[in-house]
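For reference, the structure discussed in these notes is given below.
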Amino acid sequence: MTENEKKPSPDGSQAASAQDTPVVSGDDIVSRFLSGQGAADETPAPENPRCGFVALVGAPNAGKSTLLNALVGSKISIVSPKVQTTRSRVLGIGMEGDSQILYVDTPGIFTPKKRLERAMVAAAWQGATDADLVAVLFDATQKRIDDDTLGIIEKLKEAGRKALLILNKIDLIRRDRLLELAQEFAGHGIFTDTFMVSALTGDGLKGLLKYIAGALPAGPWLYPPDQLSDMPERLLAAEVTREKLFLQLHQEVPYATTVETESWQEFENGSVRISQVIYVQRDSQKAIILGKGGARIKSISVASRLELTKMLERPVHLMLFIKVRENWSEDPDQYEAWGLDFNA
């Protein structure tokens, strides 16, 4: 190991050396990432701009976050194979011609049992209620239309809302099955148009983008054209680490965790040090995340640090700590940070 290499701490976090002198404390780096360095403020708006909100709704694991990232052209919403990865509303900002499209990635809609689940579902319905356009996303690899998706359709009917139908994951299914699905959905009478896409490969997205851009109401852009999201900076960094927890942990453990970014410091050498706390509900969960000899927390830290380094385009020193906080899912402040209604 050379003098300039950083030695991981016992819990697997990547620590900055004492020689790294902080010159800025705050969230300036991610702020620049999200807002395009501020250069777009000088970009003139077109003569006839369009702007509107598009709510992406669907059952858990339909691929909403993957689709949002593909439409925006950058990763702003975390993704994992597990259901209910998205906890709060995520706004993605995309441009198509003279149209600014404000995509609202909502938590999956299902039958909630716990307070956090109720708040997540309430946030999803609020996103659909407020949007100019509602897009129902469905995993076309499913053998039938699931009860959660049928419930979404019925609730949209009751509200008198029309919607787009987006059949996702077409790269994994036969075309004749897609046509059968489209006909089955059409029978429900709320879908104005149907699009068949693969959020993973990009198939079908060009036509979807063109349609959405033309369907938005006329109006001024609400954000600079190269801004990607309105997500608070510390929350974005915490979400990256939470994604790695979902990817590396199993059963109930990832759902029993939350991540908070405690500090953020930029250094003269261009690097940034981020300190985060992973909260769990029990000591046994803490032991699982640590892993044998700290192997799992080290793996989580490395994966998160590499993604943050790529996202921010500079070296990242990530400090991870694990603390037991039994009732974190009953903390109103947590819900406020996520943009969720504690009393939903």
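Just remember, in the structure tokens the first chain shown is A, the second B, etc., residues are 1-based per chain, and ligands are 1-based in the order shown.
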**Message:** So that I can see what lies close to Arg325 in chain A, please list as JSON, numbers by chain the residues with an atom at most 6 Å from it, counting only C-alpha atoms and leaving out residues fewer than 6 positions away in the same chain.
**Reply:** {"A": [279, 280, 281]}
Can you write out the residues you just picked, keeping N, CA and C atoms, as a tab-separated table (two decimals), in the first residue's frame?
chain	number	residue	atom	x	y	z
A	279	TYR	N	-29.09	2.76	10.08
A	279	TYR	CA	-29.88	2.43	11.27
A	279	TYR	C	-30.60	1.10	11.06
A	280	VAL	N	-30.55	0.25	12.08
A	280	VAL	CA	-31.26	-1.02	12.08
A	280	VAL	C	-32.15	-1.07	13.32
A	281	GLN	N	-33.03	-2.06	13.36
A	281	GLN	CA	-33.99	-2.15	14.47
A	281	GLN	C	-33.55	-3.09	15.58
**Request:** Write out as a PyMOL selection string the residues lying within 6 Å of range 238-245 of chain A, counting only C-alpha atoms and excluding same-chain residues fewer than 3 positions away.
**Result:** chain A and resi 78+235+248-249+254+259-261+300+304
Writing out the chosen residues with C-alpha atoms as a compact mmCIF listing (two decimals), in the first residue's frame:
# COMPACT_ATOMS: atom_id res chain seq x y z
CA ILE A 78 -32.30 3.42 -6.84
CA LEU A 235 -30.81 11.99 0.58
CA GLN A 248 -26.57 -7.52 -0.70
CA LEU A 249 -29.01 -8.34 2.11
CA PRO A 254 -32.99 -4.51 4.06
CA VAL A 259 -29.54 5.40 5.90
CA GLU A 260 -28.79 8.99 6.90
CA THR A 261 -25.96 11.18 5.60
CA ILE A 300 -21.41 -2.56 0.83
CA SER A 304 -21.52 2.52 -2.64
**Prompt:** Can you list, as a PyMOL selection string, every protein, DNA or RNA residue that comes within 9 Å of Leu205 in chain A when you count only C-alpha atoms, leaving out same-chain residues fewer than 3 positions away?
**Reply:** chain A and resi 67+70-71+195-199+202+208-210
Output of the above residues as an mmCIF file, in the first residue's frame, restricted to N, CA and C atoms:
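What follows is the written file again-v6.cif:
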data_model
loop_
_atom_site.group_PDB
_atom_site.id
_atom_site.type_symbol
_atom_site.label_atom_id
_atom_site.label_comp_id
_atom_site.auth_asym_id
_atom_site.auth_seq_id
_atom_site.Cartn_x
_atom_site.Cartn_y
_atom_site.Cartn_z
ATOM 1 N N LEU A 67 -37.187 2.584 -15.455
ATOM 2 C CA LEU A 67 -37.719 3.391 -16.557
ATOM 3 C C LEU A 67 -37.409 4.863 -16.350
ATOM 4 N N ALA A 70 -33.881 5.592 -17.252
ATOM 5 C CA ALA A 70 -33.685 5.530 -18.701
ATOM 6 C C ALA A 70 -34.244 6.770 -19.389
ATOM 7 N N LEU A 71 -35.401 7.247 -18.947
ATOM 8 C CA LEU A 71 -36.018 8.420 -19.568
ATOM 9 C C LEU A 71 -35.227 9.691 -19.287
ATOM 10 N N PHE A 195 -47.974 1.643 -24.916
ATOM 11 C CA PHE A 195 -46.594 1.612 -25.387
ATOM 12 C C PHE A 195 -45.917 0.359 -24.851
ATOM 13 N N MET A 196 -45.141 -0.274 -25.705
ATOM 14 C CA MET A 196 -44.408 -1.482 -25.335
ATOM 15 C C MET A 196 -42.929 -1.142 -25.321
ATOM 16 N N VAL A 197 -42.298 -1.287 -24.157
ATOM 17 C CA VAL A 197 -40.920 -0.826 -24.003
ATOM 18 C C VAL A 197 -40.093 -1.834 -23.205
ATOM 19 N N SER A 198 -38.802 -1.640 -23.269
ATOM 20 C CA SER A 198 -37.876 -2.289 -22.344
ATOM 21 C C SER A 198 -37.055 -1.187 -21.701
ATOM 22 N N ALA A 199 -37.316 -0.923 -20.435
ATOM 23 C CA ALA A 199 -36.558 0.118 -19.739
ATOM 24 C C ALA A 199 -35.084 -0.249 -19.664
ATOM 25 N N GLY A 202 -33.842 -0.046 -23.645
ATOM 26 C CA GLY A 202 -34.187 1.202 -24.321
ATOM 27 C C GLY A 202 -35.159 1.031 -25.471
ATOM 28 N N LEU A 208 -42.235 6.620 -26.944
ATOM 29 C CA LEU A 208 -42.880 7.032 -25.692
ATOM 30 C C LEU A 208 -42.534 8.475 -25.361
ATOM 31 N N LEU A 209 -41.265 8.830 -25.496
ATOM 32 C CA LEU A 209 -40.831 10.199 -25.213
ATOM 33 C C LEU A 209 -41.521 11.201 -26.130
ATOM 34 N N LYS A 210 -41.585 10.880 -27.405
ATOM 35 C CA LYS A 210 -42.209 11.791 -28.370
ATOM 36 C C LYS A 210 -43.676 12.020 -28.020
#
**Request:** Identify which of the residues A:Asn168, A:Asn61, A:Ser74, A:Asn48 lies closest to Lys310 in chain A, counting only C-alpha atoms when measuring atom-to-atom distances.
**Result:** A:Ser74
**Request:** Name the residues of range 97-306 of chain A that fall into strand (DSSP E) according to DSSP on the backbone, using the chain letters and numbers of this document, as a VMD selection string.
**Result:** chain A and resid 99 to 105 133 to 139 163 to 168 191 to 196 258 to 267 272 to 280
**Request:** To one decimal in Å, tell me the separation between CA of Ile173 in chain A and CA of Val136 in chain A.
**Result:**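 So the two atoms, CA of Ile173 in chain A and CA of Val136 in chain A, lie 18.6 Å apart.
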**Asked** So what do you get for CA of Gln183 in chain A versus CA of Lys162 in chain A, distance-wise?
**Response**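 These atoms are spaced 16.5 Å apart.
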**Message:** Just to confirm, what's the straight-line distance from CA of Gly151 in chain A to CA of Gly58 in chain A in Å (one decimal)?
**Reply:**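 Between these atoms lies a distance of 9.9 Å.
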**Message:** Calculated over only C-alpha atoms, which of the candidates A:Ile190, A:Leu306, A:Ala256, A:Leu222 has the smallest distance to Lys155 in chain A?
**Reply:** A:Ile190
**alpha helix (DSSP H) per DSSP on the backbone: members of range 60-271 of chain A, as a ChimeraX atom specification** = /A:64-72,115-130,147-159,175-186,205-215,233-248
